[in-house]
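Visitor: This is structure12.tsv, which holds TSV, C-alpha atoms and all ligand atoms:
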```tsv
chain	number	residue	atom	x	y	z
A	1	MET	CA	-6.99	22.97	29.09
A	2	GLY	CA	-4.30	20.97	27.28
A	3	LYS	CA	-5.41	18.73	24.45
A	4	LEU	CA	-4.14	15.18	23.97
A	5	LEU	CA	-4.75	13.14	20.84
A	6	ILE	CA	-4.46	9.38	21.35
A	7	VAL	CA	-4.13	6.84	18.57
A	8	GLY	CA	-4.07	3.12	19.23
A	9	SER	CA	-5.94	-0.14	19.26
A	10	ILE	CA	-9.22	-0.66	21.05
A	11	ALA	CA	-9.34	-4.40	21.46
A	12	ILE	CA	-11.03	-7.47	22.69
A	13	ASP	CA	-8.45	-9.28	24.78
A	14	GLU	CA	-8.34	-12.73	26.31
A	15	ILE	CA	-5.75	-13.23	28.99
A	16	GLU	CA	-4.45	-16.33	30.73
A	17	THR	CA	-2.35	-15.98	33.86
A	18	PRO	CA	-1.42	-18.47	36.59
A	19	PHE	CA	-4.39	-16.95	38.49
A	20	GLY	CA	-7.02	-17.64	35.88
A	21	GLU	CA	-8.50	-16.78	32.51
A	22	THR	CA	-10.52	-13.71	31.62
A	23	GLY	CA	-12.67	-14.65	28.67
A	24	ARG	CA	-13.29	-11.75	26.25
A	25	ILE	CA	-12.68	-8.38	27.90
A	26	LEU	CA	-11.98	-4.80	26.91
A	27	GLY	CA	-8.34	-4.09	26.05
A	28	GLY	CA	-6.20	-2.25	23.56
A	29	ALA	CA	-3.43	0.30	23.73
A	30	ALA	CA	-5.67	3.36	23.27
A	31	THR	CA	-8.03	2.12	25.98
A	32	PHE	CA	-5.29	1.85	28.61
A	33	ILE	CA	-3.66	5.11	27.48
A	34	GLY	CA	-6.97	6.99	27.65
A	35	LEU	CA	-7.91	5.68	31.10
A	36	ALA	CA	-4.50	6.67	32.47
A	37	ALA	CA	-4.24	10.06	30.74
A	38	ASN	CA	-7.67	11.09	31.96
A	39	GLN	CA	-6.52	10.99	35.55
A	40	PHE	CA	-5.29	14.51	34.70
A	41	GLU	CA	-7.28	17.66	33.87
A	42	ILE	CA	-6.98	17.47	30.11
A	43	SER	CA	-9.16	17.16	27.06
A	44	SER	CA	-8.42	13.87	25.30
A	45	GLY	CA	-9.70	12.09	22.22
A	46	ILE	CA	-9.05	8.67	20.68
A	47	VAL	CA	-8.60	7.82	17.01
A	48	SER	CA	-9.19	4.12	16.47
A	49	ILE	CA	-11.41	1.55	14.78
A	50	VAL	CA	-13.64	-1.23	16.11
A	51	GLY	CA	-16.20	-3.68	14.76
A	52	GLU	CA	-19.87	-3.93	15.61
A	53	ASP	CA	-19.06	-6.90	17.86
A	54	LEU	CA	-17.51	-4.61	20.51
A	55	PRO	CA	-20.01	-4.49	23.39
A	56	LYS	CA	-21.56	-1.00	23.53
A	57	GLU	CA	-20.78	-0.66	27.23
A	58	TYR	CA	-17.04	-0.68	26.47
A	59	LEU	CA	-17.27	2.54	24.48
A	60	SER	CA	-19.68	4.00	27.05
A	61	LEU	CA	-17.13	3.32	29.75
A	62	LEU	CA	-14.59	5.49	27.92
A	63	LYS	CA	-17.15	8.20	27.12
A	64	GLU	CA	-18.23	8.40	30.75
A	65	ARG	CA	-14.63	9.24	31.58
A	66	HIS	CA	-14.85	12.22	29.20
A	67	ILE	CA	-12.72	10.71	26.46
A	68	ASP	CA	-13.84	12.05	23.08
A	69	LEU	CA	-14.61	9.13	20.75
A	70	SER	CA	-15.61	11.03	17.60
A	71	GLY	CA	-12.44	9.63	15.98
A	72	VAL	CA	-13.41	6.02	16.66
A	73	GLU	CA	-14.87	4.38	13.56
A	74	VAL	CA	-17.36	1.56	14.14
A	75	VAL	CA	-17.43	-0.77	11.11
A	76	LYS	CA	-20.84	-2.29	10.36
A	77	GLY	CA	-20.55	-6.08	10.45
A	78	GLY	CA	-16.81	-5.75	11.21
A	79	LYS	CA	-14.80	-7.57	13.86
A	80	THR	CA	-12.76	-5.75	16.49
A	81	PHE	CA	-9.00	-6.31	16.83
A	82	TYR	CA	-8.52	-9.43	18.97
A	83	TRP	CA	-5.47	-10.34	21.04
A	84	LYS	CA	-4.85	-13.35	23.26
A	85	GLY	CA	-1.87	-13.71	25.56
A	86	ARG	CA	-0.62	-16.12	28.21
A	87	TYR	CA	1.68	-15.14	31.09
A	88	HIS	CA	4.32	-17.45	32.47
A	89	ASN	CA	4.69	-18.14	36.18
A	90	ASP	CA	7.06	-15.20	36.72
A	91	MET	CA	4.36	-12.84	35.32
A	92	ASN	CA	7.13	-10.94	33.51
A	93	THR	CA	7.15	-12.86	30.29
A	94	ARG	CA	4.21	-13.67	28.09
A	95	ASP	CA	3.43	-15.44	24.86
A	96	THR	CA	1.11	-13.90	22.33
A	97	LEU	CA	-1.21	-16.75	21.37
A	98	VAL	CA	-3.40	-14.93	18.84
A	99	THR	CA	-3.31	-11.56	17.05
A	100	GLU	CA	-6.28	-10.99	14.73
A	101	LEU	CA	-6.03	-7.51	13.22
A	102	ASN	CA	-9.58	-7.64	11.81
A	103	THR	CA	-10.83	-4.04	11.28
A	104	LEU	CA	-7.37	-2.73	12.20
A	105	ALA	CA	-5.93	-4.37	9.06
A	106	ASP	CA	-7.07	-1.65	6.67
A	107	PHE	CA	-7.71	1.24	8.97
A	108	ASN	CA	-7.68	4.68	7.41
A	109	PRO	CA	-7.58	7.01	10.43
A	110	ILE	CA	-9.47	10.30	10.41
A	111	VAL	CA	-8.48	12.88	12.99
A	112	PRO	CA	-11.54	14.93	14.02
A	113	ASN	CA	-11.13	18.65	13.21
A	114	HIS	CA	-11.27	19.65	16.87
A	115	PHE	CA	-8.20	17.49	17.61
A	116	LYS	CA	-6.05	18.66	14.69
A	117	ASP	CA	-4.52	21.30	16.97
A	118	ALA	CA	-3.73	18.95	19.87
A	119	ASP	CA	-0.81	19.97	22.09
A	120	VAL	CA	0.44	16.42	22.47
A	121	ALA	CA	-0.04	13.38	20.24
A	122	MET	CA	0.32	9.96	21.83
A	123	LEU	CA	0.74	7.43	19.05
A	124	GLY	CA	-0.08	4.19	20.81
A	125	ASN	CA	0.80	0.78	19.57
A	126	LEU	CA	-0.64	0.00	16.15
A	127	ASN	CA	0.36	-0.11	12.51
A	128	PRO	CA	3.13	2.51	11.96
A	129	SER	CA	1.56	3.63	8.69
A	130	VAL	CA	-1.58	4.55	10.67
A	131	GLN	CA	0.58	6.43	13.18
A	132	MET	CA	2.14	8.34	10.25
A	133	GLY	CA	-1.30	9.01	8.72
A	134	VAL	CA	-2.31	10.73	11.93
A	135	ILE	CA	0.80	12.95	12.09
A	136	ASN	CA	0.16	14.02	8.48
A	137	GLN	CA	-3.37	15.18	9.27
A	138	MET	CA	-2.42	17.58	12.05
A	139	GLU	CA	-2.99	21.27	11.22
A	140	GLN	CA	0.08	22.23	13.16
A	141	ARG	CA	2.78	19.98	14.54
A	142	PRO	CA	1.94	19.07	18.16
A	143	LYS	CA	4.44	20.40	20.71
A	144	LEU	CA	5.26	16.82	21.52
A	145	ILE	CA	4.78	13.59	19.60
A	146	ILE	CA	5.20	10.40	21.62
A	147	LEU	CA	5.24	6.96	20.02
A	148	ASP	CA	4.85	3.53	21.53
A	149	THR	CA	5.36	0.35	19.54
A	150	MET	CA	6.12	-3.34	19.91
A	151	ASN	CA	8.02	-6.24	18.34
A	152	PHE	CA	5.00	-7.24	16.21
A	153	TRP	CA	5.51	-4.11	14.07
A	154	MET	CA	9.29	-4.56	13.96
A	155	ASP	CA	8.69	-8.04	12.55
A	156	ASN	CA	5.92	-7.03	10.15
A	157	ALA	CA	6.41	-3.38	9.12
A	158	LEU	CA	9.96	-2.33	9.99
A	159	ASN	CA	10.44	0.22	7.19
A	160	ASP	CA	7.17	2.01	7.98
A	161	LEU	CA	8.15	2.00	11.64
A	162	LEU	CA	11.56	3.55	10.92
A	163	ASP	CA	9.86	6.24	8.80
A	164	VAL	CA	7.52	7.29	11.60
A	165	ILE	CA	10.26	7.10	14.25
A	166	LYS	CA	12.08	9.86	12.32
A	167	LYS	CA	9.15	12.23	12.92
A	168	ILE	CA	8.65	11.93	16.66
A	169	ASP	CA	10.09	13.43	19.86
A	170	VAL	CA	9.74	10.62	22.40
A	171	ILE	CA	9.68	6.86	21.91
A	172	THR	CA	8.52	4.52	24.66
A	173	ILE	CA	9.65	0.97	24.11
A	174	ASN	CA	10.44	-2.01	26.31
A	175	ASP	CA	13.96	-3.31	26.87
A	176	GLU	CA	13.72	-6.37	24.63
A	177	GLU	CA	12.19	-4.31	21.83
A	178	ALA	CA	14.93	-1.67	22.14
A	179	ARG	CA	17.47	-4.48	21.74
A	180	GLN	CA	15.61	-5.94	18.76
A	181	LEU	CA	15.39	-2.52	17.06
A	182	THR	CA	19.09	-1.71	17.46
A	183	ASN	CA	20.91	-5.04	17.75
A	184	GLU	CA	22.55	-3.69	20.91
A	185	TYR	CA	22.45	-5.53	24.23
A	186	SER	CA	23.46	-2.49	26.30
A	187	LEU	CA	20.43	-0.26	26.81
A	188	VAL	CA	22.69	2.81	26.89
A	189	LYS	CA	24.02	1.96	23.44
A	190	ALA	CA	20.52	1.04	22.25
A	191	ALA	CA	19.21	4.45	23.38
A	192	GLU	CA	22.09	6.18	21.53
A	193	LYS	CA	21.21	4.34	18.33
A	194	ILE	CA	17.52	5.20	18.73
A	195	HIS	CA	18.46	8.89	19.22
A	196	GLU	CA	20.20	8.67	15.85
A	197	MET	CA	16.97	7.35	14.29
A	198	GLY	CA	15.14	10.59	15.29
A	199	PRO	CA	13.67	10.82	18.81
A	200	LYS	CA	15.37	13.26	21.19
A	201	TYR	CA	13.95	11.37	24.16
A	202	VAL	CA	14.03	7.59	24.59
A	203	VAL	CA	12.06	5.89	27.34
A	204	ILE	CA	12.94	2.25	27.91
A	205	LYS	CA	10.40	0.32	29.97
A	206	LYS	CA	11.73	-2.57	32.04
A	207	GLY	CA	8.51	-3.99	33.45
A	208	GLU	CA	8.78	-4.67	37.18
A	209	HIS	CA	12.28	-3.14	37.10
A	210	GLY	CA	11.11	0.37	36.26
A	211	ALA	CA	11.88	2.70	33.37
A	212	LEU	CA	14.82	4.70	32.00
A	213	LEU	CA	14.65	8.11	30.33
A	214	PHE	CA	17.49	9.08	28.00
A	215	HIS	CA	18.07	12.58	26.60
A	216	GLU	CA	21.45	13.32	25.00
A	217	LYS	CA	23.92	12.39	27.77
A	218	ASP	CA	21.36	12.62	30.59
A	219	ILE	CA	19.77	9.52	32.08
A	220	PHE	CA	16.97	9.29	34.64
A	221	PHE	CA	15.67	6.11	36.26
A	222	ALA	CA	12.33	5.48	37.93
A	223	PRO	CA	11.74	2.20	39.75
A	224	ALA	CA	8.51	0.29	39.58
A	225	LEU	CA	6.83	0.04	42.96
A	226	PRO	CA	7.44	-3.43	44.46
A	227	LEU	CA	3.91	-4.82	44.72
A	228	GLU	CA	2.56	-7.60	46.87
A	229	GLU	CA	0.30	-8.78	44.11
A	230	VAL	CA	0.68	-8.63	40.36
A	231	PHE	CA	-2.45	-10.02	38.84
A	232	ASP	CA	-2.27	-9.10	35.14
A	233	PRO	CA	0.49	-6.99	33.57
A	234	THR	CA	-1.45	-6.46	30.31
A	235	GLY	CA	-1.63	-2.80	29.48
A	236	ALA	CA	1.01	-1.73	32.01
A	237	GLY	CA	3.17	-0.27	29.24
A	238	ASP	CA	0.22	1.62	27.76
A	239	THR	CA	-0.93	2.84	31.16
A	240	PHE	CA	2.60	4.08	31.77
A	241	ALA	CA	2.59	5.90	28.40
A	242	GLY	CA	-0.87	7.35	29.11
A	243	GLY	CA	0.21	8.68	32.50
A	244	PHE	CA	3.38	10.12	30.96
A	245	ALA	CA	1.50	11.82	28.12
A	246	GLY	CA	-1.40	12.97	30.31
A	247	TYR	CA	0.90	14.62	32.84
A	248	LEU	CA	2.91	16.43	30.14
A	249	THR	CA	-0.30	17.64	28.49
A	250	ALA	CA	-1.73	18.90	31.77
A	251	THR	CA	1.46	20.70	32.84
A	252	ASN	CA	2.28	22.06	29.36
A	253	ASP	CA	5.99	21.70	30.09
A	254	ILE	CA	8.13	19.40	27.97
A	255	SER	CA	11.49	19.99	29.63
A	256	PHE	CA	13.67	17.03	30.67
A	257	GLU	CA	13.08	17.96	34.33
A	258	ASN	CA	9.31	17.74	33.90
A	259	MET	CA	9.62	14.50	31.94
A	260	LYS	CA	11.20	12.97	35.04
A	261	ASN	CA	7.97	13.71	36.93
A	262	ALA	CA	5.96	12.36	34.00
A	263	ILE	CA	7.87	9.07	34.24
A	264	ILE	CA	7.05	8.84	37.93
A	265	TYR	CA	3.34	9.51	37.26
A	266	GLY	CA	3.38	6.90	34.49
A	267	SER	CA	5.02	4.31	36.74
A	268	ASN	CA	2.62	5.13	39.54
A	269	LEU	CA	-0.46	4.56	37.38
A	270	ALA	CA	0.99	1.38	35.86
A	271	SER	CA	1.43	-0.02	39.37
A	272	PHE	CA	-2.36	0.10	39.80
A	273	SER	CA	-3.18	-1.27	36.39
A	274	VAL	CA	-1.50	-4.64	37.07
A	275	GLU	CA	-3.45	-5.29	40.26
A	276	LYS	CA	-6.61	-6.51	38.51
A	277	PHE	CA	-7.45	-8.13	35.19
A	278	GLY	CA	-7.66	-5.83	32.16
A	279	THR	CA	-8.92	-2.30	32.78
A	280	GLU	CA	-10.78	-3.13	36.01
A	281	ARG	CA	-8.43	-1.38	38.41
A	282	MET	CA	-8.08	1.75	36.25
A	283	GLN	CA	-11.84	2.14	35.98
A	284	ASN	CA	-12.28	2.68	39.70
A	285	LEU	CA	-9.08	4.42	40.65
A	286	LYS	CA	-9.39	7.34	43.07
A	287	LYS	CA	-7.23	10.46	43.30
A	288	GLU	CA	-6.44	9.77	46.96
A	289	GLU	CA	-5.06	6.33	46.06
A	290	ILE	CA	-2.82	7.87	43.41
A	291	ASP	CA	-1.51	10.52	45.80
A	292	LYS	CA	-0.85	8.01	48.55
A	293	ARG	CA	1.22	5.86	46.24
A	294	LEU	CA	3.21	8.86	45.03
A	295	HIS	CA	4.42	9.26	48.62
A	296	GLN	CA	5.50	5.61	48.58
A	297	PHE	CA	7.42	6.24	45.35
A	298	LYS	CA	9.21	9.16	46.91
A	299	ALA	CA	10.12	7.20	50.04
A	300	LEU	CA	11.38	4.30	47.94
A	301	THR	CA	14.07	6.34	46.23
A	302	GLN	CA	14.99	9.04	48.76
A	303	PHE	CA	18.32	8.95	50.57
A	304	ASN	CA	20.44	11.51	52.36
A	305	ILE	CA	24.09	10.88	51.66
A	306	GLU	CA	25.89	14.21	51.78
A	307	LEU	CA	28.01	14.68	48.69
A	308	GLU	CA	30.67	17.35	48.12
A	401	LIG	P1	0.95	-3.91	26.80
A	401	LIG	O1	0.71	-4.96	27.86
A	401	LIG	O2	1.14	-2.54	27.36
A	401	LIG	O3	2.01	-4.32	25.84
A	401	LIG	O4	-0.37	-3.78	25.93
A	401	LIG	C1	-1.30	-4.80	25.78
A	401	LIG	C2	-2.42	-4.33	24.88
A	401	LIG	O5	-1.90	-4.15	23.55
A	401	LIG	C3	-3.52	-5.36	24.80
A	401	LIG	O6	-4.69	-4.82	25.37
A	401	LIG	C4	-3.68	-5.66	23.30
A	401	LIG	O7	-5.00	-5.59	22.88
A	401	LIG	C5	-2.84	-4.61	22.60
A	401	LIG	N1	-2.06	-5.18	21.49
A	401	LIG	C6	-1.38	-6.36	21.46
A	401	LIG	N2	-0.80	-6.55	20.25
A	401	LIG	C7	-1.10	-5.47	19.51
A	401	LIG	C8	-0.79	-5.06	18.15
A	401	LIG	N3	-0.04	-5.82	17.33
A	401	LIG	N4	-1.26	-3.87	17.72
A	401	LIG	C9	-2.02	-3.10	18.53
A	401	LIG	N5	-2.35	-3.42	19.79
A	401	LIG	C10	-1.90	-4.58	20.29
```
Will you turn the file into structure tokens for me?
Guide:
Amino acid sequence: MGKLLIVGSIAIDEIETPFGETGRILGGAATFIGLAANQFEISSGIVSIVGEDLPKEYLSLLKERHIDLSGVEVVKGGKTFYWKGRYHNDMNTRDTLVTELNTLADFNPIVPNHFKDADVAMLGNLNPSVQMGVINQMEQRPKLIILDTMNFWMDNALNDLLDVIKKIDVITINDEEARQLTNEYSLVKAAEKIHEMGPKYVVIKKGEHGALLFHEKDIFFAPALPLEEVFDPTGAGDTFAGGFAGYLTATNDISFENMKNAIIYGSNLASFSVEKFGTERMQNLKKEEIDKRLHQFKALTQFNIELE
């Protein structure tokens, strides 16, 4: 069975949308990645840090889904990373109201021995120096290293971010962040510049407008499924990354062709994640629902124009 190492925040989130407010709920990049990746037959483990204030049932929820948490440090008397965001009426744009790093501020990650030989490493959004610390602890280089990041780290730790970007194979980043990182408006030019920074594969996420995969001169596009109801987009990007990484780990095939399928699986899972607040939808997702929606994805993009 393929092994996936996940690094990222486990958080307490508070979310405000035009539909209501959540109060304190489970969030964090590693949480969403893990829940998505474990839809596949893989062995996965999270490296992260939380405080004692994190309700015990949140970690149990991840354990019950067979995610190995031996790399999650619980700091006595510490406070868990806290993030608060508010969505605008279009549900596409959001303001970050509060980011409290708390225990994440001086996190020294320790990769458990049984994950030092992971096939794939998914470096979810957190401090780039922590992402680098994890790469450096691997016994052998994973076949694939995927990195996700956000504007917060471009604003606060750009040099560390550029250092870790040099070491990875795939970056997943949203359109505005790709523009910020490269000073290019065109996403094609932005992807070219990011290739030059290191990653052979660049995935640019465009929210409700889908995702683009760039590899040398090849480009692939996957739409997002048009949904009747978008309730809370928080974690959609991480769910996408988790589906992408989980599928590649399970299939043990990192060709461009297989990455196209991985993008579709990632988009498919993200389409569920946004239907309820926080992790609620991903906790109860059934295989039949996933398969049914894959058919919808196929129908959405299939056409039969005969070309010479
Ligand atoms: P997404 O909607 O995919 O961008 O991810 C949202 C998740 O990222 C939330 O659950 C937050 O807890 C987490 N998050 C937000 N800001 C940060 C940050 N600076 N570092 C790590 N995780 C973050």
Visitor: Give the residues close to ligand LIG 401 (chain A), within 9 Å, counting all atoms listed in the file; write them as a PDB file with C-alpha atoms, in the frame of the given file.
Guide:
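The result, written out as selection_20.pdb:
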```pdb
ATOM      1  CA  GLY A   8      -4.070   3.120  19.230  1.00  0.00           C
ATOM      2  CA  SER A   9      -5.940  -0.140  19.260  1.00  0.00           C
ATOM      3  CA  ILE A  10      -9.220  -0.660  21.050  1.00  0.00           C
ATOM      4  CA  ALA A  11      -9.340  -4.400  21.460  1.00  0.00           C
ATOM      5  CA  ILE A  12     -11.030  -7.470  22.690  1.00  0.00           C
ATOM      6  CA  ASP A  13      -8.450  -9.280  24.780  1.00  0.00           C
ATOM      7  CA  GLU A  14      -8.340 -12.730  26.310  1.00  0.00           C
ATOM      8  CA  LEU A  26     -11.980  -4.800  26.910  1.00  0.00           C
ATOM      9  CA  GLY A  27      -8.340  -4.090  26.050  1.00  0.00           C
ATOM     10  CA  GLY A  28      -6.200  -2.250  23.560  1.00  0.00           C
ATOM     11  CA  ALA A  29      -3.430   0.300  23.730  1.00  0.00           C
ATOM     12  CA  ALA A  30      -5.670   3.360  23.270  1.00  0.00           C
ATOM     13  CA  THR A  31      -8.030   2.120  25.980  1.00  0.00           C
ATOM     14  CA  PHE A  32      -5.290   1.850  28.610  1.00  0.00           C
ATOM     15  CA  PHE A  81      -9.000  -6.310  16.830  1.00  0.00           C
ATOM     16  CA  TYR A  82      -8.520  -9.430  18.970  1.00  0.00           C
ATOM     17  CA  TRP A  83      -5.470 -10.340  21.040  1.00  0.00           C
ATOM     18  CA  LYS A  84      -4.850 -13.350  23.260  1.00  0.00           C
ATOM     19  CA  GLY A  85      -1.870 -13.710  25.560  1.00  0.00           C
ATOM     20  CA  THR A  96       1.110 -13.900  22.330  1.00  0.00           C
ATOM     21  CA  VAL A  98      -3.400 -14.930  18.840  1.00  0.00           C
ATOM     22  CA  THR A  99      -3.310 -11.560  17.050  1.00  0.00           C
ATOM     23  CA  GLU A 100      -6.280 -10.990  14.730  1.00  0.00           C
ATOM     24  CA  LEU A 101      -6.030  -7.510  13.220  1.00  0.00           C
ATOM     25  CA  LEU A 104      -7.370  -2.730  12.200  1.00  0.00           C
ATOM     26  CA  GLY A 124      -0.080   4.190  20.810  1.00  0.00           C
ATOM     27  CA  ASN A 125       0.800   0.780  19.570  1.00  0.00           C
ATOM     28  CA  LEU A 126      -0.640   0.000  16.150  1.00  0.00           C
ATOM     29  CA  ASN A 127       0.360  -0.110  12.510  1.00  0.00           C
ATOM     30  CA  THR A 149       5.360   0.350  19.540  1.00  0.00           C
ATOM     31  CA  MET A 150       6.120  -3.340  19.910  1.00  0.00           C
ATOM     32  CA  ASN A 151       8.020  -6.240  18.340  1.00  0.00           C
ATOM     33  CA  PHE A 152       5.000  -7.240  16.210  1.00  0.00           C
ATOM     34  CA  TRP A 153       5.510  -4.110  14.070  1.00  0.00           C
ATOM     35  CA  ASN A 174      10.440  -2.010  26.310  1.00  0.00           C
ATOM     36  CA  ASP A 232      -2.270  -9.100  35.140  1.00  0.00           C
ATOM     37  CA  PRO A 233       0.490  -6.990  33.570  1.00  0.00           C
ATOM     38  CA  THR A 234      -1.450  -6.460  30.310  1.00  0.00           C
ATOM     39  CA  GLY A 235      -1.630  -2.800  29.480  1.00  0.00           C
ATOM     40  CA  ALA A 236       1.010  -1.730  32.010  1.00  0.00           C
ATOM     41  CA  GLY A 237       3.170  -0.270  29.240  1.00  0.00           C
ATOM     42  CA  ASP A 238       0.220   1.620  27.760  1.00  0.00           C
ATOM     43  CA  THR A 239      -0.930   2.840  31.160  1.00  0.00           C
ATOM     44  CA  PHE A 240       2.600   4.080  31.770  1.00  0.00           C
ATOM     45  CA  ALA A 241       2.590   5.900  28.400  1.00  0.00           C
ATOM     46  CA  GLY A 278      -7.660  -5.830  32.160  1.00  0.00           C
ATOM     47  CA  THR A 279      -8.920  -2.300  32.780  1.00  0.00           C
TER      48      THR A 279
END
```
Visitor: Work out how far CA of Val130 in chain A is from CA of Asp160 in chain A, in Å to one decimal.
Guide: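 We find that CA of Asp160 in chain A and CA of Val130 in chain A lie 9.5 Å from each other.
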Visitor: Quick one: pull the distance between CA of Asn252 in chain A and CA of Asp119 in chain A, Å, one decimal.
Guide: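 Going from CA of Asn252 in chain A over to CA of Asp119 in chain A, I get 8.2 Å.
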Visitor: Any idea what's packed within 9 Å of Glu275 in chain A, counting all atoms listed in the file, ignoring anything in its chain fewer than 3 positions away? Could you give it as a PyMOL selection string?
Guide: chain A and resi 227+229-233+271-272+280-281
Visitor: Pick out the closest residue to Met197 in chain A from this set: A:Gln39, A:Asn108, A:Val72, A:Asn159. Count only C-alpha atoms.
Guide: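 Going through A:Gln39, A:Asn108, A:Val72, A:Asn159 one by one, the smallest distance to Met197 in chain A is for A:Asn159.
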Visitor: Between CA of Asn38 in chain A and CA of Leu62 in chain A, what is the spacing in Å?
Guide: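 It comes out at 9.8 Å.
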Visitor: Check the smallest atom-to-atom distance from each of A:Gln302, A:Ser267, A:Thr80, A:Thr17 to Gly210 in chain A using only C-alpha atoms, then report the winner.
Guide: A:Ser267
Visitor: Can you work out which one of A:Gly23, A:Pro18, A:Pro109, A:Pro223 has the shortest atom-to-atom distance to Val50 in chain A, counting all atoms listed in the file?
Guide: A:Pro109
Visitor: Under the rule that all atoms listed in the file are counted, which of A:Asp53, A:Ala37, A:Leu5, A:Asp106 is the nearest residue to Ile145 in chain A?
Guide: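 Looking at the shortest contact to Ile145 in chain A, the residue is A:Leu5.
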Visitor: Return the single residue from A:Gln137, A:Ser60, A:Asn89, A:Asn304 that is closest to His114 in chain A, with distances computed using only C-alpha atoms.
Guide: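 Of A:Gln137, A:Ser60, A:Asn89, A:Asn304, the one nearest His114 in chain A, counting only C-alpha atoms, is A:Gln137.
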Visitor: In terms of the shortest atom-to-atom distance over only C-alpha atoms, which of A:Ala270, A:Met132, A:Val188, A:Val164 is closest to Glu208 in chain A?
Guide: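 Of A:Ala270, A:Met132, A:Val188, A:Val164, the one nearest Glu208 in chain A is A:Ala270, counting only C-alpha atoms.
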Visitor: Hey, can you pull every residue with an atom no more than 10 Å from (9.3, 9.1, 10.3), using all atoms listed in the file, and send it as a ChimeraX atom specification?
Guide: /A:128-129,131-132,135,159-168,197-199
Visitor: Which polymer residues have any atom within 12 Å of an atom of Asn183 in chain A, counting only C-alpha atoms, with same-chain residues fewer than 6 positions away left out, as a list in words?
Guide: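 Listed by chain and then number, they are Asp175, Glu176, Glu177, Lys189, Ala190, Ala191, Glu192, Lys193 and Ile194 of chain A.
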Visitor: Excluding range 110-113 of chain A and residues on its chain fewer than 4 positions from it, collect all residues at most 8 Å away from it, counting all atoms listed in the file, and give them as a PyMOL selection string.
Guide: chain A and resi 47+70-71+134+137-138
Visitor: Please reconstruct the missing atoms of range 137-147 of chain A (target: N, CA, C and O atoms) and return them as a PDB file, in the frame of the given file.
Guide:
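Writing the result to part-v6.pdb gives the following:
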```pdb
ATOM      1  N   GLN A 137      -2.101  14.437   9.287  1.00  0.00           N
ATOM      2  CA  GLN A 137      -3.370  15.180   9.270  1.00  0.00           C
ATOM      3  C   GLN A 137      -3.403  16.362  10.235  1.00  0.00           C
ATOM      4  O   GLN A 137      -4.361  17.129  10.239  1.00  0.00           O
ATOM      5  N   MET A 138      -2.377  16.508  11.056  1.00  0.00           N
ATOM      6  CA  MET A 138      -2.420  17.580  12.050  1.00  0.00           C
ATOM      7  C   MET A 138      -2.262  18.934  11.354  1.00  0.00           C
ATOM      8  O   MET A 138      -1.462  19.081  10.443  1.00  0.00           O
ATOM      9  N   GLU A 139      -3.063  19.927  11.806  1.00  0.00           N
ATOM     10  CA  GLU A 139      -2.990  21.270  11.220  1.00  0.00           C
ATOM     11  C   GLU A 139      -1.660  21.926  11.537  1.00  0.00           C
ATOM     12  O   GLU A 139      -1.082  22.617  10.722  1.00  0.00           O
ATOM     13  N   GLN A 140      -1.246  21.748  12.777  1.00  0.00           N
ATOM     14  CA  GLN A 140       0.080  22.230  13.160  1.00  0.00           C
ATOM     15  C   GLN A 140       0.757  21.096  13.911  1.00  0.00           C
ATOM     16  O   GLN A 140       0.073  20.273  14.512  1.00  0.00           O
ATOM     17  N   ARG A 141       2.095  21.076  13.861  1.00  0.00           N
ATOM     18  CA  ARG A 141       2.780  19.980  14.540  1.00  0.00           C
ATOM     19  C   ARG A 141       2.534  20.099  16.038  1.00  0.00           C
ATOM     20  O   ARG A 141       2.736  21.160  16.629  1.00  0.00           O
ATOM     21  N   PRO A 142       2.099  19.005  16.704  1.00  0.00           N
ATOM     22  CA  PRO A 142       1.940  19.070  18.160  1.00  0.00           C
ATOM     23  C   PRO A 142       3.273  19.435  18.814  1.00  0.00           C
ATOM     24  O   PRO A 142       4.335  19.162  18.242  1.00  0.00           O
ATOM     25  N   LYS A 143       3.196  20.043  20.010  1.00  0.00           N
ATOM     26  CA  LYS A 143       4.440  20.400  20.710  1.00  0.00           C
ATOM     27  C   LYS A 143       5.261  19.155  20.999  1.00  0.00           C
ATOM     28  O   LYS A 143       6.485  19.192  21.064  1.00  0.00           O
ATOM     29  N   LEU A 144       4.554  18.059  21.193  1.00  0.00           N
ATOM     30  CA  LEU A 144       5.260  16.820  21.520  1.00  0.00           C
ATOM     31  C   LEU A 144       4.550  15.643  20.855  1.00  0.00           C
ATOM     32  O   LEU A 144       3.333  15.498  20.986  1.00  0.00           O
ATOM     33  N   ILE A 145       5.337  14.826  20.167  1.00  0.00           N
ATOM     34  CA  ILE A 145       4.780  13.590  19.600  1.00  0.00           C
ATOM     35  C   ILE A 145       5.481  12.412  20.273  1.00  0.00           C
ATOM     36  O   ILE A 145       6.712  12.292  20.230  1.00  0.00           O
ATOM     37  N   ILE A 146       4.676  11.567  20.900  1.00  0.00           N
ATOM     38  CA  ILE A 146       5.200  10.400  21.620  1.00  0.00           C
ATOM     39  C   ILE A 146       4.741   9.151  20.869  1.00  0.00           C
ATOM     40  O   ILE A 146       3.597   9.090  20.419  1.00  0.00           O
ATOM     41  N   LEU A 147       5.613   8.189  20.743  1.00  0.00           N
ATOM     42  CA  LEU A 147       5.240   6.960  20.020  1.00  0.00           C
ATOM     43  C   LEU A 147       5.575   5.737  20.860  1.00  0.00           C
ATOM     44  O   LEU A 147       6.639   5.649  21.462  1.00  0.00           O
TER      45      LEU A 147
END
```
